[in-house]
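Heads up, run-v4.pdb below (PDB, C-alpha atoms and all ligand atoms):
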ATOM      1  CA  MET A   1       0.000   0.000   0.000
ATOM      2  CA  ILE A   2       2.740   2.508   0.935
ATOM      3  CA  SER A   3       5.328   2.517  -1.823
ATOM      4  CA  ALA A   4       9.089   2.882  -1.357
ATOM      5  CA  ASP A   5       9.257   6.377  -2.868
ATOM      6  CA  MET A   6       6.725   7.844  -0.476
ATOM      7  CA  TYR A   7       9.469   9.970   1.099
ATOM      8  CA  LYS A   8       8.854  12.420  -1.743
ATOM      9  CA  THR A   9       5.275  12.940  -0.637
ATOM     10  CA  TYR A  10       3.715  15.930   1.048
ATOM     11  CA  GLN A  11       3.474  14.756   4.641
ATOM     12  CA  PRO A  12       5.789  12.471   6.623
ATOM     13  CA  ILE A  13       4.532   9.085   7.816
ATOM     14  CA  ARG A  14       6.061   8.133  11.158
ATOM     15  CA  ALA A  15       5.841   4.382  10.555
ATOM     16  CA  HIS A  16       7.498   4.437   7.135
ATOM     17  CA  PRO A  17      10.989   2.831   6.900
ATOM     18  CA  ASN A  18      12.358   6.031   5.261
ATOM     19  CA  ALA A  19      10.824   8.322   7.874
ATOM     20  CA  SER A  20      14.156   9.330   9.385
ATOM     21  CA  GLN A  21      15.148  10.930   6.037
ATOM     22  CA  TRP A  22      12.012  13.050   5.862
ATOM     23  CA  ARG A  23      11.714  16.661   6.875
ATOM     24  CA  THR A  24       9.522  16.396   9.939
ATOM     25  CA  GLN A  25      10.736  19.489  11.781
ATOM     26  CA  ALA A  26       7.894  21.759  10.648
ATOM     27  CA  TYR A  27       5.333  19.173  11.734
ATOM     28  CA  GLU A  28       6.964  18.724  15.105
ATOM     29  CA  GLU A  29       7.001  22.494  15.612
ATOM     30  CA  VAL A  30       3.236  22.645  15.158
ATOM     31  CA  ILE A  31       2.875  19.752  17.595
ATOM     32  CA  ASP A  32       5.122  21.563  20.091
ATOM     33  CA  SER A  33       2.755  24.529  20.004
ATOM     34  CA  LEU A  34      -0.217  22.183  20.553
ATOM     35  CA  LYS A  35       1.430  20.549  23.577
ATOM     36  CA  GLN A  36       0.504  23.490  25.793
ATOM     37  CA  PHE A  37      -3.164  22.361  25.560
ATOM     38  CA  ASP A  38      -4.915  19.346  27.017
ATOM     39  CA  PHE A  39      -6.870  17.505  24.325
ATOM     40  CA  VAL A  40      -7.903  14.544  26.478
ATOM     41  CA  GLY A  41     -11.561  13.770  25.806
ATOM     42  CA  LYS A  42     -11.882  16.617  23.278
ATOM     43  CA  ARG A  43     -13.834  15.939  20.107
ATOM     44  CA  ILE A  44     -11.733  17.194  17.219
ATOM     45  CA  LEU A  45     -12.793  17.838  13.639
ATOM     46  CA  GLU A  46      -9.744  17.886  11.397
ATOM     47  CA  VAL A  47     -10.073  19.070   7.809
ATOM     48  CA  GLY A  48      -7.697  17.674   5.159
ATOM     49  CA  PRO A  49      -5.526  15.346   7.283
ATOM     50  CA  CYS A  50      -3.442  14.193   4.270
ATOM     51  CA  TYR A  51      -1.814  11.065   5.803
ATOM     52  CA  GLY A  52      -3.071  11.811   9.309
ATOM     53  CA  TYR A  53       0.152  13.035  10.933
ATOM     54  CA  TYR A  54      -1.788  15.298  13.295
ATOM     55  CA  SER A  55      -4.873  13.035  13.517
ATOM     56  CA  PHE A  56      -2.752  10.240  14.974
ATOM     57  CA  TRP A  57      -1.031  12.623  17.377
ATOM     58  CA  PHE A  58      -4.414  13.823  18.732
ATOM     59  CA  ASP A  59      -5.645  10.211  18.826
ATOM     60  CA  GLY A  60      -2.574   9.148  20.809
ATOM     61  CA  ASN A  61      -3.123  12.047  23.213
ATOM     62  CA  GLY A  62      -6.608  11.087  24.273
ATOM     63  CA  ALA A  63      -8.785  13.054  21.829
ATOM     64  CA  GLU A  64     -11.704  11.713  19.798
ATOM     65  CA  VAL A  65     -10.793  12.550  16.211
ATOM     66  CA  THR A  66     -12.905  12.833  13.073
ATOM     67  CA  ALA A  67     -10.891  13.744   9.975
ATOM     68  CA  ILE A  68     -12.396  14.525   6.558
ATOM     69  CA  GLU A  69     -10.115  14.013   3.552
ATOM     70  CA  SER A  70     -11.326  14.687  -0.007
ATOM     71  CA  ASN A  71      -8.508  12.899  -1.827
ATOM     72  CA  ALA A  72      -9.355   9.196  -2.253
ATOM     73  CA  GLY A  73      -5.736   7.951  -2.250
ATOM     74  CA  ARG A  74      -4.834   9.917   0.876
ATOM     75  CA  TYR A  75      -7.995   8.750   2.594
ATOM     76  CA  GLU A  76      -7.059   5.116   1.839
ATOM     77  CA  ILE A  77      -3.579   5.636   3.286
ATOM     78  CA  CYS A  78      -5.163   7.127   6.429
ATOM     79  CA  GLU A  79      -7.376   4.066   6.815
ATOM     80  CA  GLY A  80      -4.393   1.745   6.299
ATOM     81  CA  LEU A  81      -2.357   3.608   8.920
ATOM     82  CA  ASN A  82      -5.305   3.600  11.324
ATOM     83  CA  GLU A  83      -5.219  -0.204  11.161
ATOM     84  CA  PHE A  84      -1.413  -0.329  11.369
ATOM     85  CA  TYR A  85      -1.250   1.957  14.436
ATOM     86  CA  HIS A  86      -4.351   0.366  16.022
ATOM     87  CA  GLY A  87      -5.701   3.901  15.954
ATOM     88  CA  SER A  88      -9.269   4.972  16.476
ATOM     89  CA  VAL A  89      -9.478   7.986  14.202
ATOM     90  CA  ASN A  90     -12.787   8.306  12.360
ATOM     91  CA  PHE A  91     -11.534   9.080   8.836
ATOM     92  CA  ILE A  92     -14.195  10.138   6.363
ATOM     93  CA  HIS A  93     -13.699  10.382   2.625
ATOM     94  CA  GLY A  94     -15.482  13.531   1.504
ATOM     95  CA  ASP A  95     -15.549  17.257   1.043
ATOM     96  CA  ILE A  96     -15.756  19.265   4.254
ATOM     97  CA  MET A  97     -18.243  21.707   2.755
ATOM     98  CA  GLU A  98     -20.680  18.868   1.976
ATOM     99  CA  TYR A  99     -20.028  17.284   5.361
ATOM    100  CA  ILE A 100     -20.922  20.424   7.312
ATOM    101  CA  LYS A 101     -24.154  20.837   5.317
ATOM    102  CA  ASP A 102     -25.250  17.238   5.915
ATOM    103  CA  SER A 103     -24.028  16.593   9.435
ATOM    104  CA  ASN A 104     -25.194  17.787  12.862
ATOM    105  CA  ALA A 105     -22.012  16.462  14.393
ATOM    106  CA  ASP A 106     -20.894  18.205  17.531
ATOM    107  CA  PHE A 107     -17.185  19.007  18.150
ATOM    108  CA  ASP A 108     -15.030  20.915  20.638
ATOM    109  CA  VAL A 109     -12.125  21.749  18.336
ATOM    110  CA  LEU A 110     -11.801  22.577  14.645
ATOM    111  CA  PHE A 111      -8.287  21.805  13.382
ATOM    112  CA  LEU A 112      -7.290  23.544  10.165
ATOM    113  CA  GLN A 113      -3.672  22.948   9.289
ATOM    114  CA  ASN A 114      -2.626  24.477   5.973
ATOM    115  CA  ILE A 115      -6.080  24.064   4.462
ATOM    116  CA  PHE A 116      -8.281  27.132   4.938
ATOM    117  CA  HIS A 117      -6.624  29.079   2.112
ATOM    118  CA  HIS A 118      -7.410  26.116  -0.211
ATOM    119  CA  LEU A 119     -11.062  26.310   0.819
ATOM    120  CA  LEU A 120     -11.036  30.063   0.208
ATOM    121  CA  ARG A 121      -9.577  29.582  -3.238
ATOM    122  CA  HIS A 122     -12.198  26.997  -4.133
ATOM    123  CA  TYR A 123     -15.280  28.246  -2.287
ATOM    124  CA  LYS A 124     -14.517  31.973  -1.842
ATOM    125  CA  GLU A 125     -16.747  33.550   0.857
ATOM    126  CA  GLU A 126     -18.701  30.283   1.173
ATOM    127  CA  ALA A 127     -15.659  28.808   2.943
ATOM    128  CA  PHE A 128     -16.673  30.833   5.999
ATOM    129  CA  MET A 129     -19.704  28.537   6.377
ATOM    130  CA  LEU A 130     -17.273  26.115   7.973
ATOM    131  CA  LEU A 131     -16.544  28.697  10.670
ATOM    132  CA  ASN A 132     -20.070  30.058  11.007
ATOM    133  CA  ASP A 133     -22.486  27.164  10.422
ATOM    134  CA  THR A 134     -20.900  24.965  13.060
ATOM    135  CA  ASN A 135     -20.845  25.630  16.791
ATOM    136  CA  ILE A 136     -17.288  24.523  17.400
ATOM    137  CA  PRO A 137     -15.938  26.698  20.234
ATOM    138  CA  TRP A 138     -12.188  26.361  19.590
ATOM    139  CA  MET A 139     -10.161  26.432  16.409
ATOM    140  CA  PHE A 140      -6.483  25.769  15.728
ATOM    141  CA  LEU A 141      -5.285  27.185  12.453
ATOM    142  CA  THR A 142      -1.951  27.273  10.685
ATOM    143  CA  MET A 143      -1.566  28.834   7.302
ATOM    144  CA  GLY A 144       0.790  30.869   5.137
ATOM    145  CA  SER A 145       1.438  34.521   5.785
ATOM    146  CA  THR A 146      -0.071  35.557   2.475
ATOM    147  CA  LEU A 147      -3.089  34.240   0.610
ATOM    148  CA  GLY A 148      -2.199  35.195  -2.956
ATOM    149  CA  PRO A 149      -4.210  36.951  -5.641
ATOM    150  CA  TRP A 150      -6.996  34.356  -5.870
ATOM    151  CA  SER A 151      -8.233  34.778  -2.334
ATOM    152  CA  LEU A 152     -10.350  37.416  -0.638
ATOM    153  CA  ASN A 153      -7.741  40.100  -1.210
ATOM    154  CA  VAL A 154      -6.400  39.931   2.309
ATOM    155  CA  PRO A 155      -3.352  42.038   3.079
ATOM    156  CA  LYS A 156      -0.298  40.003   4.021
ATOM    157  CA  GLY A 157      -0.248  39.053   7.676
ATOM    158  CA  ASN A 158      -3.898  39.870   8.323
ATOM    159  CA  ILE A 159      -5.267  36.343   8.289
ATOM    160  CA  PRO A 160      -6.339  36.335  11.960
ATOM    161  CA  LEU A 161      -8.054  39.687  11.413
ATOM    162  CA  MET A 162      -9.859  38.295   8.368
ATOM    163  CA  ILE A 163     -11.092  35.303  10.414
ATOM    164  CA  LEU A 164     -12.197  37.591  13.242
ATOM    165  CA  ASN A 165     -14.000  39.919  10.827
ATOM    166  CA  HIS A 166     -15.719  37.217   8.793
ATOM    167  CA  SER A 167     -16.646  34.635  11.407
ATOM    168  CA  LYS A 168     -18.104  34.060  14.822
ATOM    169  CA  TYR A 169     -14.626  33.630  16.307
ATOM    170  CA  ARG A 170     -13.831  36.617  18.501
ATOM    171  CA  LEU A 171     -10.436  35.907  20.062
ATOM    172  CA  ALA A 172      -7.184  34.944  18.399
ATOM    173  CA  LYS A 173      -3.861  34.151  19.986
ATOM    174  CA  LYS A 174      -0.654  33.274  18.183
ATOM    175  CA  ILE A 175       0.677  30.124  19.792
ATOM    176  CA  GLY A 176       3.621  29.215  17.574
ATOM    177  CA  LYS A 177       5.522  29.728  14.382
ATOM    178  CA  TRP A 178       7.270  27.481  11.892
ATOM    179  CA  TYR A 179       9.051  28.499   8.726
ATOM    180  CA  HIS A 180       6.884  31.307   7.243
ATOM    181  CA  ARG A 181       3.687  30.118   8.909
ATOM    182  CA  ASP A 182       2.026  31.082  12.177
ATOM    183  CA  THR A 183      -0.177  28.841  14.325
ATOM    184  CA  TYR A 184      -3.192  30.427  15.987
ATOM    185  CA  PHE A 185      -5.671  29.427  18.616
ATOM    186  CA  PHE A 186      -9.143  30.982  18.195
ATOM    187  CA  GLU A 187     -12.036  31.067  20.580
ATOM    188  CA  ARG A 188     -15.665  32.036  19.976
TER     189      ARG A 188
HETATM  190  C1  LIG D 201      -2.168  21.419   1.769
HETATM  191  S1  LIG D 201      -2.721  19.824   2.280
HETATM  192  C2  LIG D 201      -2.475  19.924   4.070
HETATM  193  C3  LIG D 201      -2.451  18.570   4.698
HETATM  194  C4  LIG D 201      -2.284  18.538   6.213
HETATM  195  N1  LIG D 201      -3.387  19.206   6.870
HETATM  196  C5  LIG D 201      -0.960  19.113   6.623
HETATM  197  O1  LIG D 201      -0.918  20.222   7.142
HETATM  198  O2  LIG D 201       0.054  18.448   6.427
HETATM  199  C6  LIG D 201      -4.483  19.964   2.161
HETATM  200  C7  LIG D 201      -5.232  18.663   2.348
HETATM  201  O3  LIG D 201      -6.632  18.918   2.390
HETATM  202  C8  LIG D 201      -7.338  18.073   1.488
HETATM  203  N2  LIG D 201      -8.506  18.837   1.048
HETATM  204  C9  LIG D 201      -8.531  19.864   0.151
HETATM  205  N3  LIG D 201      -9.781  20.352   0.024
HETATM  206  C10 LIG D 201     -10.569  19.630   0.872
HETATM  207  C11 LIG D 201     -11.963  19.656   1.189
HETATM  208  N4  LIG D 201     -12.777  20.512   0.585
HETATM  209  N5  LIG D 201     -12.441  18.768   2.104
HETATM  210  C12 LIG D 201     -11.592  17.885   2.691
HETATM  211  N6  LIG D 201     -10.275  17.805   2.427
HETATM  212  C13 LIG D 201      -9.763  18.670   1.531
HETATM  213  C14 LIG D 201      -6.307  17.770   0.407
HETATM  214  O4  LIG D 201      -6.596  16.571  -0.286
HETATM  215  C15 LIG D 201      -5.011  17.680   1.224
HETATM  216  O5  LIG D 201      -4.796  16.394   1.762
END

For the structure just supplied, provide its representation as structure tokens.
Ligand SMILES: C[S@@+](CC[C@H](N)C(=O)[O-])C[C@H]1O[C@@H](n2cnc3c(N)ncnc32)[C@H](O)[C@@H]1O
Amino acid sequence: MISADMYKTYQPIRAHPNASQWRTQAYEEVIDSLKQFDFVGKRILEVGPCYGYYSFWFDGNGAEVTAIESNAGRYEICEGLNEFYHGSVNFIHGDIMEYIKDSNADFDVLFLQNIFHHLLRHYKEEAFMLLNDTNIPWMFLTMGSTLGPWSLNVPKGNIPLMILNHSKYRLAKKIGKWYHRDTYFFER
């Protein structure tokens, strides 16, 4: 299932034999900023887990994780790793925007790691439904410092302000930084 050249892929896989050659530092830096919080018993909704690097960390730290991945191949790898790690992540193959329309699922934490700008590019203002049509009280978000010309024309560095202005989230705190990206904790 996991081929030998997977080290070239987007996200590291801890269990892979080539894992020690992969660049995991950025991922570990995000995890370091998450370590200041207690996720035990928290119900987490993760959007776009890729190969589940963060999903499995939350799972291993006592959270109840649901992770929605739209890419079929990545979703399959997540399911394979869930079995391999004896994990209990609830991976769902689907598009988050459809999922939030169809589901009344209740969560404590929304985890958006390097994904919200993709939703903005694809769904424009509609992407804010994810932040406004759910009642998730806490959000963790990491994204680039600029959104590019295709987004909502947000000045560089003003991503937290944009979230605060366009959504029900009212408080933002920077909790970490890696490479050119900042990690934020938001509260409603
Ligand atoms: C840039 S990658 C980030 C992956 C991971 N969160 C990380 O930080 O390493 C974005 C991921 O979100 C998935 N994705 C993109 N649009 C999505 C959507 N509408 N619903 C669910 N997943 C989506 C992609 O397939 C991809 O795995």

Q. Mind listing as an NGL selection string all residues within 9 Å of (3.9, 12.5, 13.5), counting all atoms listed in the file?
A. :A and (12-15 or 24 or 27-28 or 31 or 52-57)

Please report as a tab-separated table every residue of chain A lying within 10 Å of ligand LIG 201 (chain D), along with the nearest atom pair and their distance in Å (one decimal), using all atoms listed in the file.
residue	atom	partner	partner_atom	distance
A:Tyr10	CA	D:LIG201	O2	7.0
A:Gln11	CA	D:LIG201	O2	5.3
A:Pro12	CA	D:LIG201	O2	8.3
A:Ala26	CA	D:LIG201	O2	9.5
A:Tyr27	CA	D:LIG201	O2	7.5
A:Val30	CA	D:LIG201	O1	9.3
A:Glu46	CA	D:LIG201	N1	7.9
A:Val47	CA	D:LIG201	C12	5.5
A:Gly48	CA	D:LIG201	O3	3.2
A:Pro49	CA	D:LIG201	N1	4.4
A:Cys50	CA	D:LIG201	O5	3.6
A:Tyr51	CA	D:LIG201	O5	7.3
A:Gly52	CA	D:LIG201	C4	7.4
A:Tyr53	CA	D:LIG201	O2	7.0
A:Tyr54	CA	D:LIG201	N1	7.7
A:Ser55	CA	D:LIG201	N1	9.2
A:Ala67	CA	D:LIG201	C12	8.4
A:Ile68	CA	D:LIG201	C12	5.2
A:Glu69	CA	D:LIG201	N6	4.0
A:Ser70	CA	D:LIG201	N6	4.1
A:Asn71	CA	D:LIG201	O4	4.4
A:Ala72	CA	D:LIG201	O4	8.1
A:Gly73	CA	D:LIG201	O4	8.9
A:Arg74	CA	D:LIG201	O5	6.5
A:Tyr75	CA	D:LIG201	O5	8.3
A:Ile92	CA	D:LIG201	C12	9.0
A:His93	CA	D:LIG201	C12	7.8
A:Gly94	CA	D:LIG201	C12	6.0
A:Asp95	CA	D:LIG201	N5	3.6
A:Ile96	CA	D:LIG201	N5	4.0
A:Met97	CA	D:LIG201	N4	6.0
A:Glu98	CA	D:LIG201	N4	8.2
A:Tyr99	CA	D:LIG201	N5	8.4
A:Phe111	CA	D:LIG201	N1	8.6
A:Leu112	CA	D:LIG201	N1	6.7
A:Gln113	CA	D:LIG201	O1	4.4
A:Asn114	CA	D:LIG201	O1	4.7
A:Ile115	CA	D:LIG201	C6	5.0
A:Phe116	CA	D:LIG201	N3	8.5
A:His117	CA	D:LIG201	C1	8.9
A:His118	CA	D:LIG201	N3	6.2
A:Leu119	CA	D:LIG201	N4	6.1
A:Leu120	CA	D:LIG201	N4	9.7
A:Arg121	CA	D:LIG201	N3	9.8
A:His122	CA	D:LIG201	N4	8.0
A:Tyr123	CA	D:LIG201	N4	8.6
A:Ala127	CA	D:LIG201	N4	9.1
A:Leu141	CA	D:LIG201	O1	9.8
A:Thr142	CA	D:LIG201	O1	8.0
A:Met143	CA	D:LIG201	O1	8.6

Those residues with C-alpha atoms, as a PDB file, keeping the file's coordinate frame please?
ATOM      1  CA  TYR A  10       3.715  15.930   1.048  1.00  0.00           C
ATOM      2  CA  GLN A  11       3.474  14.756   4.641  1.00  0.00           C
ATOM      3  CA  PRO A  12       5.789  12.471   6.623  1.00  0.00           C
ATOM      4  CA  ALA A  26       7.894  21.759  10.648  1.00  0.00           C
ATOM      5  CA  TYR A  27       5.333  19.173  11.734  1.00  0.00           C
ATOM      6  CA  VAL A  30       3.236  22.645  15.158  1.00  0.00           C
ATOM      7  CA  GLU A  46      -9.744  17.886  11.397  1.00  0.00           C
ATOM      8  CA  VAL A  47     -10.073  19.070   7.809  1.00  0.00           C
ATOM      9  CA  GLY A  48      -7.697  17.674   5.159  1.00  0.00           C
ATOM     10  CA  PRO A  49      -5.526  15.346   7.283  1.00  0.00           C
ATOM     11  CA  CYS A  50      -3.442  14.193   4.270  1.00  0.00           C
ATOM     12  CA  TYR A  51      -1.814  11.065   5.803  1.00  0.00           C
ATOM     13  CA  GLY A  52      -3.071  11.811   9.309  1.00  0.00           C
ATOM     14  CA  TYR A  53       0.152  13.035  10.933  1.00  0.00           C
ATOM     15  CA  TYR A  54      -1.788  15.298  13.295  1.00  0.00           C
ATOM     16  CA  SER A  55      -4.873  13.035  13.517  1.00  0.00           C
ATOM     17  CA  ALA A  67     -10.891  13.744   9.975  1.00  0.00           C
ATOM     18  CA  ILE A  68     -12.396  14.525   6.558  1.00  0.00           C
ATOM     19  CA  GLU A  69     -10.115  14.013   3.552  1.00  0.00           C
ATOM     20  CA  SER A  70     -11.326  14.687  -0.007  1.00  0.00           C
ATOM     21  CA  ASN A  71      -8.508  12.899  -1.827  1.00  0.00           C
ATOM     22  CA  ALA A  72      -9.355   9.196  -2.253  1.00  0.00           C
ATOM     23  CA  GLY A  73      -5.736   7.951  -2.250  1.00  0.00           C
ATOM     24  CA  ARG A  74      -4.834   9.917   0.876  1.00  0.00           C
ATOM     25  CA  TYR A  75      -7.995   8.750   2.594  1.00  0.00           C
ATOM     26  CA  ILE A  92     -14.195  10.138   6.363  1.00  0.00           C
ATOM     27  CA  HIS A  93     -13.699  10.382   2.625  1.00  0.00           C
ATOM     28  CA  GLY A  94     -15.482  13.531   1.504  1.00  0.00           C
ATOM     29  CA  ASP A  95     -15.549  17.257   1.043  1.00  0.00           C
ATOM     30  CA  ILE A  96     -15.756  19.265   4.254  1.00  0.00           C
ATOM     31  CA  MET A  97     -18.243  21.707   2.755  1.00  0.00           C
ATOM     32  CA  GLU A  98     -20.680  18.868   1.976  1.00  0.00           C
ATOM     33  CA  TYR A  99     -20.028  17.284   5.361  1.00  0.00           C
ATOM     34  CA  PHE A 111      -8.287  21.805  13.382  1.00  0.00           C
ATOM     35  CA  LEU A 112      -7.290  23.544  10.165  1.00  0.00           C
ATOM     36  CA  GLN A 113      -3.672  22.948   9.289  1.00  0.00           C
ATOM     37  CA  ASN A 114      -2.626  24.477   5.973  1.00  0.00           C
ATOM     38  CA  ILE A 115      -6.080  24.064   4.462  1.00  0.00           C
ATOM     39  CA  PHE A 116      -8.281  27.132   4.938  1.00  0.00           C
ATOM     40  CA  HIS A 117      -6.624  29.079   2.112  1.00  0.00           C
ATOM     41  CA  HIS A 118      -7.410  26.116  -0.211  1.00  0.00           C
ATOM     42  CA  LEU A 119     -11.062  26.310   0.819  1.00  0.00           C
ATOM     43  CA  LEU A 120     -11.036  30.063   0.208  1.00  0.00           C
ATOM     44  CA  ARG A 121      -9.577  29.582  -3.238  1.00  0.00           C
ATOM     45  CA  HIS A 122     -12.198  26.997  -4.133  1.00  0.00           C
ATOM     46  CA  TYR A 123     -15.280  28.246  -2.287  1.00  0.00           C
ATOM     47  CA  ALA A 127     -15.659  28.808   2.943  1.00  0.00           C
ATOM     48  CA  LEU A 141      -5.285  27.185  12.453  1.00  0.00           C
ATOM     49  CA  THR A 142      -1.951  27.273  10.685  1.00  0.00           C
ATOM     50  CA  MET A 143      -1.566  28.834   7.302  1.00  0.00           C
TER      51      MET A 143
END

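The two atoms in question, atom CA of Asn90 of chain A and atom CA of Thr66 of chain A, are spaced 4.6 Å apart.
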
Q: Pick out the closest residue to Ala172 of chain A from this set: A:Ile159, A:Ile100, A:Met129, A:Leu34. Count all atoms listed in the file.
A: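 Closest to Ala172 of chain A, using all atoms listed in the file: A:Ile159.
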
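For the pair atom CA of Trp178 of chain A and atom CA of Gln21 of chain A, the separation is 19.2 Å.
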
Q | Closest of A:Phe84, A:Phe140, A:Phe39, A:Phe91 to Pro160 of chain A - atom-to-atom distances counting only C-alpha atoms | A |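 Counting only C-alpha atoms, the residue closest to Pro160 of chain A is A:Phe140.
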
Q) How many Å separate atom CA of Tyr169 of chain A from atom CA of Val40 of chain A? A)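 Going from atom CA of Tyr169 of chain A over to atom CA of Val40 of chain A covers 22.6 Å.
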
Q: Could you check which of A:Ser167, A:Ser103, A:Thr183, A:Asn82 is closest to Pro137 of chain A, using all atoms listed in the file?
A: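 Closest residue, counting all atoms listed in the file: A:Ser167.
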
Q. With distances taken over all atoms listed in the file, which of A:Ser88, A:Asn61, A:Asn18, A:Gln25 is nearest to Asp38 of chain A?
A.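 Among the listed residues, A:Asn61 lies closest to Asp38 of chain A.
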
Q. Between A:Lys42, A:Glu79, A:Phe58, A:Ser33, which has the minimum distance to Ile175 of chain A (counting all atoms listed in the file)?
A.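 So, comparing all the options, the nearest one is A:Ser33.
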